[in-house]
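**Student:** One structure, pasted below without further comment.
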Amino acid sequence: MRSYYLAKIREQNPLIHNITNIVAANYCANGLLALGASPIMAVAIEEMEDVPAISQALVINIGTLVGKEIEAMLLAGKTANKLGIPVILDPVGVAATQYRKRIVAQLLEHIQFSGIRGNAGEFAYLAGVDWKVKGVDAGKGEANLNSICQQVAQKYQTIAMMSGEVDVVSDGNRIATLHNGTPMFPKITGSGCLLSAISGAFFAVADKSDYFNAAVECCSTYAIAGELVAKSLKETQYGQFYTGLLDKLAEISAQEVEQNGRVNYV
């Protein structure tokens with residue numbers, strides 16, 4: 001696979017606006033900095049017209065919904081759409097509660113998302129496919145994951161990025177399966193949230209017509225970084241993996257991505 005947008009992120013240092021959850025905010029900010037982007041973690045509704053205007057992408061993560069945050073997400077998303085900057089949705093645990101279902105439905109109704117990044121359980125719910133979920137975890141089901149990802153992309157006219165043992169990316173027509181990664185990812189809090197955050201950086205430096213390839217490169221880069229870090233660790237060294245992932249995002253090269261990437265198009 002090619003690596004084109006990683007270098008552009010480091011050259012352009014795009015400002016990525018994150019409305020994310022309190023569990024992962026610090027990690028997402030540091031991950032974006034490590035990669036070469038610049039984070040702004042503004043959540044006050046009073047700023048939701050000003051901040052998108054100075055940003056190159058917006059990432060909305062519903063992990064910990066509180067107070068006026070929903071209103072802020074809606075206003076920021078609508079503003080970003082008017083400005084033409086990409087908007088990414090991370091529908092954390094959307095199937096876990098009726099409240100999350102209602103909020104995600106509201107966001108999807110009023111905001112056009114350039115990308116949606118989530119796990120199999122979240123995507124199955126969005127696609128209307130039967131699935132057993134446990135809180136914010138991916139859960140289990142029998143449906144075809146490639147088909148679920150493609151359905152989400154088609155239903156919401158977006159780039160769907162589904163994380164798992166095998167990552168899947170679809171634009172509704174094309175499907176890419178990504179075979180890098182490590183079982184250590186789900187053992188640290190915020191790993192999925194960070195991927196959503198850095199997808200904002202990849203989309204920020206890409207043309208709209210090439211968001212699919214930007215998403216494939218983003219998910220591959222992230223999975224490869226984790227895979228390379230895990231190789232030098234014991235399988236229980238989650239703390240070392242947590243910090244090592246940030247270090248690797250800072251140093252990973254386009255050559256490493258191209259040499260290690262295992263992408264199939266189906």
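Here's how to read the names in the structure tokens: chain A, B, ... by the order shown, residue numbers from 1 in each chain, ligand numbers from 1 in the order shown.
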Per residue of range 54-147 of chain A within 10 Å of range 207-210 of chain A, record the nearest atom pair and its distance in Å to one decimal, counting only C-alpha atoms, with rows in chain order and ascending residue number, as CSV.

**Tutor:**
```
residue,atom,partner,partner_atom,distance
A:Gly84,CA,A:Lys208,CA,9.7
A:Ile85,CA,A:Lys208,CA,9.4
A:Pro86,CA,A:Lys208,CA,8.2
A:Ser114,CA,A:Lys208,CA,8.3
```

**Student:** Could the residues in this selection be saved with all heavy atoms as a compact mmCIF listing (two decimals), in the first residue's frame?

**Tutor:**
```txt
# COMPACT_ATOMS: atom_id res chain seq x y z
N GLY A 84 -17.28 23.35 5.10
CA GLY A 84 -16.72 22.34 4.19
C GLY A 84 -15.53 21.58 4.74
O GLY A 84 -14.75 21.01 3.97
N ILE A 85 -15.37 21.57 6.07
CA ILE A 85 -14.28 20.77 6.64
C ILE A 85 -14.81 19.40 7.04
O ILE A 85 -15.99 19.27 7.40
CB ILE A 85 -13.60 21.47 7.84
CG1 ILE A 85 -14.56 21.60 9.03
CG2 ILE A 85 -13.05 22.82 7.43
CD1 ILE A 85 -13.87 22.06 10.31
N PRO A 86 -13.99 18.35 6.98
CA PRO A 86 -14.47 17.00 7.29
C PRO A 86 -14.86 16.83 8.75
O PRO A 86 -14.26 17.44 9.64
CB PRO A 86 -13.28 16.11 6.93
CG PRO A 86 -12.08 17.02 7.00
CD PRO A 86 -12.58 18.37 6.57
N SER A 114 -18.15 12.94 7.24
CA SER A 114 -17.21 12.47 6.21
C SER A 114 -16.76 11.05 6.51
O SER A 114 -16.48 10.26 5.59
CB SER A 114 -15.99 13.39 6.16
OG SER A 114 -16.39 14.73 6.00
```

**Student:** Could you give me, as an MDAnalysis selection string, each residue of range 3-237 of chain A that DSSP assigns to alpha helix (DSSP H) when run on this structure's backbone?

**Tutor:** chainID A and resid 5:12 25:35 50:54 69:83 98:110 120:127 145:156 191:204 211:230

**Student:** Return the single residue from A:Thr221, A:Ser199, A:Thr236, A:Thr189 that is closest to Asn26 in chain A, with distances computed using only C-alpha atoms.

**Tutor:**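 Closest to Asn26 in chain A, using only C-alpha atoms: A:Thr189.
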
**Student:** With distances taken over only C-alpha atoms, which residue among A:Gln106, A:Thr243, A:Ser196, A:Asn13 lies nearest Leu75 in chain A?

**Tutor:**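 Distance minimum relative to Leu75 in chain A lands on A:Gln106.
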
**Student:** Do you have the CA of Ala76 in chain A-CA of Ala201 in chain A distance handy?

**Tutor:** 16.9 Å

**Student:** Enumerate the residues of range 71-183 of chain A with a DSSP assignment of strand (DSSP E or B), computed from the backbone, and present them as a ChimeraX atom specification.

**Tutor:** /A:87-90,115-119,132,140,159-163,167-170,175-178

**Student:** Store the residues picked out above in a file with N, CA and C atoms, as an mmCIF file, in the first residue's frame.

**Tutor:**
```
data_model
loop_
_atom_site.group_PDB
_atom_site.id
_atom_site.type_symbol
_atom_site.label_atom_id
_atom_site.label_comp_id
_atom_site.auth_asym_id
_atom_site.auth_seq_id
_atom_site.Cartn_x
_atom_site.Cartn_y
_atom_site.Cartn_z
ATOM 1 N N VAL A 87 -15.888 16.011 8.965
ATOM 2 C CA VAL A 87 -16.379 15.712 10.304
ATOM 3 C C VAL A 87 -16.382 14.200 10.490
ATOM 4 N N ILE A 88 -15.796 13.735 11.599
ATOM 5 C CA ILE A 88 -15.716 12.310 11.923
ATOM 6 C C ILE A 88 -16.594 12.028 13.139
ATOM 7 N N LEU A 89 -17.326 10.928 13.097
ATOM 8 C CA LEU A 89 -18.135 10.499 14.232
ATOM 9 C C LEU A 89 -17.593 9.207 14.823
ATOM 10 N N ASP A 90 -17.452 9.189 16.146
ATOM 11 C CA ASP A 90 -17.148 7.958 16.884
ATOM 12 C C ASP A 90 -18.354 7.683 17.782
ATOM 13 N N GLY A 115 -16.650 10.722 7.806
ATOM 14 C CA GLY A 115 -16.227 9.389 8.224
ATOM 15 C C GLY A 115 -16.899 8.994 9.519
ATOM 16 N N ILE A 116 -17.151 7.709 9.664
ATOM 17 C CA ILE A 116 -17.631 7.142 10.920
ATOM 18 C C ILE A 116 -16.664 6.033 11.304
ATOM 19 N N ARG A 117 -16.146 6.102 12.542
ATOM 20 C CA ARG A 117 -15.171 5.109 13.001
ATOM 21 C C ARG A 117 -15.699 4.449 14.265
ATOM 22 N N GLY A 118 -15.803 3.125 14.254
ATOM 23 C CA GLY A 118 -16.304 2.423 15.418
ATOM 24 C C GLY A 118 -15.971 0.951 15.367
ATOM 25 N N ASN A 119 -16.491 0.203 16.360
ATOM 26 C CA ASN A 119 -16.245 -1.242 16.384
ATOM 27 C C ASN A 119 -17.431 -1.989 15.768
ATOM 28 N N LYS A 132 -24.987 -8.915 19.548
ATOM 29 C CA LYS A 132 -24.966 -8.889 21.007
ATOM 30 C C LYS A 132 -23.814 -8.020 21.472
ATOM 31 N N LYS A 140 -20.545 -9.651 20.021
ATOM 32 C CA LYS A 140 -20.454 -10.799 19.119
ATOM 33 C C LYS A 140 -21.664 -10.871 18.217
ATOM 34 N N ILE A 159 -17.500 7.532 4.733
ATOM 35 C CA ILE A 159 -16.439 6.530 4.766
ATOM 36 C C ILE A 159 -16.556 5.800 6.096
ATOM 37 N N ALA A 160 -16.797 4.512 6.044
ATOM 38 C CA ALA A 160 -16.966 3.698 7.245
ATOM 39 C C ALA A 160 -15.645 3.019 7.585
ATOM 40 N N MET A 161 -15.224 3.191 8.843
ATOM 41 C CA MET A 161 -13.961 2.608 9.312
ATOM 42 C C MET A 161 -14.269 1.743 10.527
ATOM 43 N N MET A 162 -14.279 0.438 10.339
ATOM 44 C CA MET A 162 -14.645 -0.484 11.409
ATOM 45 C C MET A 162 -13.399 -1.165 11.963
ATOM 46 N N SER A 163 -13.170 -0.991 13.257
ATOM 47 C CA SER A 163 -11.986 -1.542 13.908
ATOM 48 C C SER A 163 -12.281 -2.908 14.505
ATOM 49 N N ASP A 167 -9.434 -4.834 10.479
ATOM 50 C CA ASP A 167 -10.122 -3.573 10.247
ATOM 51 C C ASP A 167 -10.749 -3.592 8.852
ATOM 52 N N VAL A 168 -11.872 -2.916 8.713
ATOM 53 C CA VAL A 168 -12.550 -2.839 7.422
ATOM 54 C C VAL A 168 -12.858 -1.379 7.120
ATOM 55 N N VAL A 169 -12.581 -0.964 5.892
ATOM 56 C CA VAL A 169 -12.883 0.394 5.441
ATOM 57 C C VAL A 169 -13.712 0.291 4.167
ATOM 58 N N SER A 170 -14.781 1.087 4.085
ATOM 59 C CA SER A 170 -15.617 1.073 2.884
ATOM 60 C C SER A 170 -16.145 2.467 2.583
ATOM 61 N N ILE A 175 -14.339 -1.924 -0.733
ATOM 62 C CA ILE A 175 -14.101 -2.444 0.613
ATOM 63 C C ILE A 175 -12.628 -2.818 0.722
ATOM 64 N N ALA A 176 -11.983 -2.360 1.776
ATOM 65 C CA ALA A 176 -10.596 -2.751 2.059
ATOM 66 C C ALA A 176 -10.549 -3.435 3.416
ATOM 67 N N THR A 177 -9.848 -4.558 3.491
ATOM 68 C CA THR A 177 -9.637 -5.223 4.778
ATOM 69 C C THR A 177 -8.169 -5.069 5.148
ATOM 70 N N LEU A 178 -7.928 -4.688 6.404
ATOM 71 C CA LEU A 178 -6.589 -4.360 6.885
ATOM 72 C C LEU A 178 -6.174 -5.388 7.930
#
```

**Student:** Please list as a list in words every residue within 10 Å of Asp171 in chain A, counting only C-alpha atoms and excluding residues in the same chain fewer than 5 positions away.

**Tutor:**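 The residues satisfying every condition are Gly115, Cys149, Gln150, Gln151, Val152, Ala153, Gln154, Tyr156, Gln157, Thr158, Ile159, Ala160, Met161, Ala176, Tyr211, Phe212, Asn213 and Ala215 of chain A.
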
**Student:** Filtering to all heavy atoms, could you give me those residues as a tab-separated table (two decimals), in the first residue's frame?

**Tutor:**
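The result, stored in result.tsv:
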```
chain	number	residue	atom	x	y	z
A	115	GLY	N	-16.65	10.72	7.81
A	115	GLY	CA	-16.23	9.39	8.22
A	115	GLY	C	-16.90	8.99	9.52
A	115	GLY	O	-17.23	9.85	10.35
A	149	CYS	N	-19.95	-3.06	7.32
A	149	CYS	CA	-19.20	-1.83	7.08
A	149	CYS	C	-19.70	-1.14	5.82
A	149	CYS	O	-19.92	0.09	5.80
A	149	CYS	CB	-17.71	-2.15	6.98
A	149	CYS	SG	-16.64	-0.70	6.97
A	150	GLN	N	-19.90	-1.91	4.77
A	150	GLN	CA	-20.38	-1.35	3.51
A	150	GLN	C	-21.79	-0.76	3.67
A	150	GLN	O	-22.09	0.31	3.12
A	150	GLN	CB	-20.39	-2.43	2.44
A	150	GLN	CG	-20.75	-1.91	1.05
A	150	GLN	CD	-20.65	-3.00	0.00
A	150	GLN	OE1	-21.01	-4.15	0.24
A	150	GLN	NE2	-20.14	-2.65	-1.18
A	151	GLN	N	-22.63	-1.42	4.44
A	151	GLN	CA	-23.98	-0.92	4.66
A	151	GLN	C	-23.97	0.43	5.39
A	151	GLN	O	-24.76	1.32	5.07
A	151	GLN	CB	-24.79	-1.93	5.48
A	151	GLN	CG	-25.21	-3.17	4.71
A	151	GLN	CD	-25.96	-4.15	5.60
A	151	GLN	OE1	-27.01	-3.83	6.16
A	151	GLN	NE2	-25.41	-5.35	5.75
A	152	VAL	N	-23.10	0.57	6.38
A	152	VAL	CA	-22.99	1.84	7.10
A	152	VAL	C	-22.54	2.95	6.15
A	152	VAL	O	-23.09	4.06	6.16
A	152	VAL	CB	-22.03	1.71	8.30
A	152	VAL	CG1	-21.72	3.08	8.89
A	152	VAL	CG2	-22.62	0.79	9.36
A	153	ALA	N	-21.56	2.65	5.31
A	153	ALA	CA	-21.07	3.64	4.36
A	153	ALA	C	-22.18	4.07	3.40
A	153	ALA	O	-22.34	5.26	3.09
A	153	ALA	CB	-19.89	3.08	3.58
A	154	GLN	N	-22.95	3.10	2.92
A	154	GLN	CA	-24.02	3.41	1.98
A	154	GLN	C	-25.16	4.17	2.65
A	154	GLN	O	-25.67	5.16	2.09
A	154	GLN	CB	-24.56	2.11	1.37
A	154	GLN	CG	-23.58	1.41	0.44
A	154	GLN	CD	-24.06	0.03	0.01
A	154	GLN	OE1	-24.99	-0.53	0.60
A	154	GLN	NE2	-23.45	-0.53	-1.02
A	156	TYR	N	-25.23	6.11	5.29
A	156	TYR	CA	-24.94	7.46	5.75
A	156	TYR	C	-24.07	8.25	4.79
A	156	TYR	O	-23.64	9.36	5.13
A	156	TYR	CB	-24.31	7.40	7.14
A	156	TYR	CG	-25.22	6.74	8.14
A	156	TYR	CD1	-24.98	5.44	8.60
A	156	TYR	CD2	-26.37	7.39	8.61
A	156	TYR	CE1	-25.84	4.82	9.50
A	156	TYR	CE2	-27.24	6.78	9.50
A	156	TYR	CZ	-26.96	5.49	9.94
A	156	TYR	OH	-27.83	4.87	10.83
A	157	GLN	N	-23.83	7.69	3.59
A	157	GLN	CA	-23.04	8.38	2.57
A	157	GLN	C	-21.73	8.90	3.16
A	157	GLN	O	-21.42	10.09	3.12
A	157	GLN	CB	-23.85	9.53	1.96
A	157	GLN	CG	-25.08	9.08	1.19
A	157	GLN	CD	-24.72	8.24	-0.03
A	157	GLN	OE1	-24.14	8.73	-0.99
A	157	GLN	NE2	-25.05	6.95	0.01
A	158	THR	N	-20.96	7.95	3.70
A	158	THR	CA	-19.76	8.30	4.45
A	158	THR	C	-18.67	7.28	4.19
A	158	THR	O	-18.90	6.27	3.51
A	158	THR	CB	-20.10	8.35	5.96
A	158	THR	OG1	-19.03	8.96	6.67
A	158	THR	CG2	-20.36	6.98	6.53
A	159	ILE	N	-17.50	7.53	4.73
A	159	ILE	CA	-16.44	6.53	4.77
A	159	ILE	C	-16.56	5.80	6.10
A	159	ILE	O	-16.46	6.42	7.16
A	159	ILE	CB	-15.03	7.16	4.64
A	159	ILE	CG1	-14.93	8.02	3.36
A	159	ILE	CG2	-13.97	6.06	4.66
A	159	ILE	CD1	-15.13	7.25	2.07
A	160	ALA	N	-16.80	4.51	6.04
A	160	ALA	CA	-16.97	3.70	7.24
A	160	ALA	C	-15.65	3.02	7.59
A	160	ALA	O	-15.05	2.37	6.73
A	160	ALA	CB	-18.06	2.66	7.03
A	161	MET	N	-15.22	3.19	8.84
A	161	MET	CA	-13.96	2.61	9.31
A	161	MET	C	-14.27	1.74	10.53
A	161	MET	O	-14.51	2.26	11.61
A	161	MET	CB	-12.97	3.72	9.69
A	161	MET	CG	-12.58	4.62	8.53
A	161	MET	SD	-11.69	6.12	9.07
A	161	MET	CE	-13.06	7.18	9.55
A	176	ALA	N	-11.98	-2.36	1.78
A	176	ALA	CA	-10.60	-2.75	2.06
A	176	ALA	C	-10.55	-3.44	3.42
A	176	ALA	O	-11.17	-2.97	4.37
A	176	ALA	CB	-9.69	-1.53	2.06
A	211	TYR	N	-10.99	10.49	0.27
A	211	TYR	CA	-11.16	10.14	1.69
A	211	TYR	C	-11.02	8.63	1.92
A	211	TYR	O	-10.54	8.22	2.98
A	211	TYR	CB	-12.52	10.61	2.20
A	211	TYR	CG	-12.60	12.09	2.54
A	211	TYR	CD1	-13.84	12.69	2.77
A	211	TYR	CD2	-11.46	12.90	2.63
A	211	TYR	CE1	-13.94	14.05	3.08
A	211	TYR	CE2	-11.55	14.24	2.94
A	211	TYR	CZ	-12.80	14.81	3.17
A	211	TYR	OH	-12.90	16.15	3.48
A	212	PHE	N	-11.45	7.84	0.96
A	212	PHE	CA	-11.35	6.39	1.13
A	212	PHE	C	-9.90	5.96	1.30
A	212	PHE	O	-9.55	5.23	2.24
A	212	PHE	CB	-11.98	5.66	-0.06
A	212	PHE	CG	-11.79	4.16	-0.05
A	212	PHE	CD1	-12.52	3.36	0.82
A	212	PHE	CD2	-10.87	3.55	-0.90
A	212	PHE	CE1	-12.36	1.98	0.84
A	212	PHE	CE2	-10.70	2.18	-0.89
A	212	PHE	CZ	-11.44	1.39	-0.02
A	213	ASN	N	-9.03	6.44	0.42
A	213	ASN	CA	-7.61	6.08	0.52
A	213	ASN	C	-6.96	6.68	1.76
A	213	ASN	O	-6.08	6.06	2.38
A	213	ASN	CB	-6.86	6.52	-0.74
A	213	ASN	CG	-7.22	5.67	-1.94
A	213	ASN	OD1	-7.32	4.45	-1.84
A	213	ASN	ND2	-7.43	6.31	-3.09
A	215	ALA	N	-8.48	7.11	4.58
A	215	ALA	CA	-8.93	6.27	5.70
A	215	ALA	C	-8.16	4.96	5.75
A	215	ALA	O	-7.80	4.49	6.84
A	215	ALA	CB	-10.42	5.99	5.55
```

**Student:** Would you kindly return, as a list in words, each protein, DNA or RNA residue with an atom no farther than 8 Å from any atom of range 62-71 of chain A, considering only C-alpha atoms and excluding same-chain residues fewer than 6 positions away?

**Tutor:**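 That gives Thr20, Asn21, Ile22, Val23, Val43, Ala44, Ile45, Asp90, Pro91, Val92, Gly93, Arg100 and Ile103 of chain A.
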
**Student:** Any idea what's packed within 12 Å of Asn30 in chain A, counting only C-alpha atoms, ignoring anything in its chain fewer than 2 positions away? Could you give it as a ChimeraX atom specification?

**Tutor:** /A:24-28,32-41,190,194,197-198,242-243,245-247,249-250

**Student:** Would you write out those residues with N, CA, C and O atoms, as a short mmCIF file (atom, residue, chain, number, x, y, z; two decimals), in the first residue's frame?

**Tutor:**
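And here's selection_31.cif as it stands now:
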```cif
data_model
loop_
_atom_site.label_atom_id
_atom_site.label_comp_id
_atom_site.auth_asym_id
_atom_site.auth_seq_id
_atom_site.Cartn_x
_atom_site.Cartn_y
_atom_site.Cartn_z
N ALA A 24 -10.64 9.79 27.38
CA ALA A 24 -9.61 9.69 26.35
C ALA A 24 -9.06 11.03 25.86
O ALA A 24 -8.17 11.04 25.02
N ALA A 25 -9.57 12.14 26.36
CA ALA A 25 -9.20 13.45 25.81
C ALA A 25 -7.69 13.69 25.82
O ALA A 25 -7.11 14.12 24.82
N ASN A 26 -7.05 13.42 26.94
CA ASN A 26 -5.61 13.65 27.05
C ASN A 26 -4.83 12.77 26.08
O ASN A 26 -3.89 13.24 25.41
N TYR A 27 -5.24 11.51 25.98
CA TYR A 27 -4.53 10.58 25.10
C TYR A 27 -4.70 10.98 23.64
O TYR A 27 -3.75 10.93 22.85
N CYS A 28 -5.90 11.40 23.28
CA CYS A 28 -6.15 11.84 21.91
C CYS A 28 -5.33 13.07 21.56
O CYS A 28 -4.76 13.16 20.47
N LEU A 32 -2.40 13.04 18.66
CA LEU A 32 -2.39 13.95 17.52
C LEU A 32 -1.08 14.73 17.46
O LEU A 32 -0.50 14.91 16.38
N LEU A 33 -0.61 15.19 18.61
CA LEU A 33 0.67 15.90 18.64
C LEU A 33 1.81 15.00 18.18
O LEU A 33 2.69 15.42 17.42
N ALA A 34 1.80 13.75 18.65
CA ALA A 34 2.85 12.82 18.27
C ALA A 34 2.86 12.59 16.76
O ALA A 34 3.92 12.57 16.13
N LEU A 35 1.69 12.45 16.18
CA LEU A 35 1.59 12.17 14.75
C LEU A 35 2.07 13.35 13.90
O LEU A 35 2.56 13.16 12.79
N GLY A 36 1.89 14.56 14.42
CA GLY A 36 2.29 15.74 13.67
C GLY A 36 1.17 16.73 13.45
O GLY A 36 1.35 17.75 12.78
N ALA A 37 -0.01 16.44 14.01
CA ALA A 37 -1.15 17.35 13.93
C ALA A 37 -1.20 18.20 15.19
O ALA A 37 -0.37 18.06 16.09
N SER A 38 -2.20 19.07 15.26
CA SER A 38 -2.35 19.94 16.42
C SER A 38 -3.79 19.79 16.95
O SER A 38 -4.74 19.96 16.19
N PRO A 39 -3.96 19.49 18.24
CA PRO A 39 -5.31 19.30 18.78
C PRO A 39 -5.87 20.56 19.43
O PRO A 39 -5.13 21.37 19.98
N ILE A 40 -7.18 20.69 19.34
CA ILE A 40 -7.89 21.66 20.17
C ILE A 40 -9.11 20.92 20.72
O ILE A 40 -9.87 20.32 19.97
N MET A 41 -9.26 20.93 22.04
CA MET A 41 -10.26 20.09 22.70
C MET A 41 -11.44 20.91 23.23
O MET A 41 -11.94 20.68 24.32
N GLY A 190 -8.99 4.15 25.41
CA GLY A 190 -8.81 5.26 24.48
C GLY A 190 -8.15 4.90 23.16
O GLY A 190 -7.94 5.80 22.34
N LEU A 194 -8.48 7.37 20.01
CA LEU A 194 -7.31 7.98 19.39
C LEU A 194 -7.31 7.74 17.89
O LEU A 194 -6.97 8.64 17.11
N ALA A 197 -9.55 10.19 16.41
CA ALA A 197 -8.93 11.52 16.41
C ALA A 197 -7.93 11.68 15.27
O ALA A 197 -7.94 12.69 14.56
N ILE A 198 -7.07 10.67 15.08
CA ILE A 198 -6.07 10.83 14.02
C ILE A 198 -6.68 10.67 12.63
O ILE A 198 -6.14 11.18 11.65
N TYR A 242 0.81 1.56 26.01
CA TYR A 242 0.09 2.84 26.03
C TYR A 242 1.01 4.00 25.66
O TYR A 242 0.66 4.84 24.82
N THR A 243 2.17 4.04 26.28
CA THR A 243 3.11 5.12 25.98
C THR A 243 3.91 4.84 24.71
O THR A 243 4.22 5.76 23.95
N LEU A 245 2.92 3.44 22.04
CA LEU A 245 2.13 3.77 20.85
C LEU A 245 2.30 5.25 20.48
O LEU A 245 2.44 5.59 19.30
N LEU A 246 2.32 6.11 21.48
CA LEU A 246 2.56 7.53 21.21
C LEU A 246 3.94 7.75 20.60
O LEU A 246 4.09 8.50 19.63
N ASP A 247 4.93 7.08 21.16
CA ASP A 247 6.29 7.21 20.63
C ASP A 247 6.37 6.75 19.18
O ASP A 247 7.02 7.39 18.34
N LEU A 249 3.88 6.53 16.96
CA LEU A 249 3.17 7.43 16.06
C LEU A 249 4.05 8.62 15.67
O LEU A 249 3.95 9.15 14.56
N ALA A 250 4.92 9.03 16.58
CA ALA A 250 5.80 10.15 16.31
C ALA A 250 6.92 9.79 15.34
O ALA A 250 7.38 10.65 14.58
#
```

**Student:** With a distance cut-off of 12 Å and only C-alpha atoms, select the neighbouring residues of Gly128 in chain A, excluding the residue or stretch itself and same-chain residues fewer than 5 positions from it, and output the selection as a compact mmCIF listing (two decimals) with all heavy atoms, in the first residue's frame.

**Tutor:**
```txt
# COMPACT_ATOMS: atom_id res chain seq x y z
N ALA A 95 -25.20 1.32 21.03
CA ALA A 95 -26.29 0.36 21.29
C ALA A 95 -26.49 0.09 22.78
O ALA A 95 -27.41 -0.63 23.16
CB ALA A 95 -26.01 -0.95 20.57
N LYS A 101 -28.52 5.93 21.73
CA LYS A 101 -29.18 5.71 20.43
C LYS A 101 -29.85 6.99 19.95
O LYS A 101 -29.76 7.35 18.78
CB LYS A 101 -30.23 4.60 20.57
CG LYS A 101 -29.66 3.21 20.81
CD LYS A 101 -30.77 2.20 21.03
CE LYS A 101 -30.22 0.81 21.33
NZ LYS A 101 -31.30 -0.18 21.60
N ALA A 120 -17.34 -3.31 15.74
CA ALA A 120 -18.35 -4.12 15.07
C ALA A 120 -19.73 -3.96 15.69
O ALA A 120 -20.74 -3.88 14.98
CB ALA A 120 -17.93 -5.59 15.08
N GLY A 121 -19.80 -3.90 17.01
CA GLY A 121 -21.08 -3.76 17.68
C GLY A 121 -21.75 -2.43 17.35
O GLY A 121 -22.97 -2.38 17.12
N GLU A 122 -20.97 -1.38 17.33
CA GLU A 122 -21.50 -0.05 17.00
C GLU A 122 -21.97 0.00 15.56
O GLU A 122 -23.05 0.53 15.25
CB GLU A 122 -20.43 1.01 17.27
CG GLU A 122 -20.11 1.15 18.77
CD GLU A 122 -18.73 1.68 19.08
OE1 GLU A 122 -17.92 1.89 18.14
OE2 GLU A 122 -18.42 1.85 20.28
N PHE A 123 -21.18 -0.58 14.66
CA PHE A 123 -21.55 -0.58 13.25
C PHE A 123 -22.76 -1.46 12.99
O PHE A 123 -23.60 -1.13 12.15
CB PHE A 123 -20.35 -1.04 12.41
CG PHE A 123 -19.48 0.10 11.95
CD1 PHE A 123 -19.13 1.11 12.82
CD2 PHE A 123 -19.01 0.17 10.66
CE1 PHE A 123 -18.33 2.18 12.42
CE2 PHE A 123 -18.22 1.21 10.24
CZ PHE A 123 -17.88 2.23 11.11
N ALA A 143 -23.13 -11.92 11.59
CA ALA A 143 -23.22 -11.24 10.30
C ALA A 143 -21.83 -10.99 9.70
O ALA A 143 -20.82 -10.95 10.41
CB ALA A 143 -23.96 -9.92 10.45
N SER A 147 -19.82 -6.72 4.96
CA SER A 147 -21.14 -6.26 4.55
C SER A 147 -21.68 -5.19 5.49
O SER A 147 -22.27 -4.19 5.04
CB SER A 147 -22.11 -7.45 4.50
OG SER A 147 -23.42 -7.02 4.18
N ILE A 148 -21.48 -5.38 6.80
CA ILE A 148 -21.93 -4.38 7.77
C ILE A 148 -21.25 -3.04 7.52
O ILE A 148 -21.90 -1.98 7.51
CB ILE A 148 -21.64 -4.85 9.21
CG1 ILE A 148 -22.57 -6.01 9.58
CG2 ILE A 148 -21.80 -3.71 10.20
CD1 ILE A 148 -22.26 -6.64 10.93
N CYS A 149 -19.95 -3.06 7.32
CA CYS A 149 -19.20 -1.83 7.08
C CYS A 149 -19.70 -1.14 5.82
O CYS A 149 -19.92 0.09 5.80
CB CYS A 149 -17.71 -2.15 6.98
SG CYS A 149 -16.64 -0.70 6.97
N GLN A 151 -22.63 -1.42 4.44
CA GLN A 151 -23.98 -0.92 4.66
C GLN A 151 -23.97 0.43 5.39
O GLN A 151 -24.76 1.32 5.07
CB GLN A 151 -24.79 -1.93 5.48
CG GLN A 151 -25.21 -3.17 4.71
CD GLN A 151 -25.96 -4.15 5.60
OE1 GLN A 151 -27.01 -3.83 6.16
NE2 GLN A 151 -25.41 -5.35 5.75
N VAL A 152 -23.10 0.57 6.38
CA VAL A 152 -22.99 1.84 7.10
C VAL A 152 -22.54 2.95 6.15
O VAL A 152 -23.09 4.06 6.16
CB VAL A 152 -22.03 1.71 8.30
CG1 VAL A 152 -21.72 3.08 8.89
CG2 VAL A 152 -22.62 0.79 9.36
N LYS A 155 -25.54 3.73 3.84
CA LYS A 155 -26.69 4.32 4.54
C LYS A 155 -26.46 5.78 4.89
O LYS A 155 -27.38 6.61 4.78
CB LYS A 155 -26.99 3.51 5.80
CG LYS A 155 -28.23 3.95 6.56
CD LYS A 155 -28.49 3.00 7.73
CE LYS A 155 -29.75 3.39 8.49
NZ LYS A 155 -30.01 2.45 9.64
```

**Student:** Taking only C-alpha atoms into account, which of A:Tyr238, A:Ser232, A:Gln56, A:Cys218 comes nearest Ala254 in chain A?

**Tutor:**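 For Ala254 in chain A, the nearest of the given residues is A:Cys218.
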
**Student:** Measuring atom to atom with only C-alpha atoms, identify which of A:Glu258, A:Glu217, A:Glu227, A:Glu251 is nearest to Tyr5 in chain A.

**Tutor:**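 Under the stated criterion, the closest residue is A:Glu217.
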
**Student:** State, in Å with one decimal place, the distance from CA of Gly77 in chain A to CA of Glu47 in chain A.

**Tutor:** 12.3 Å
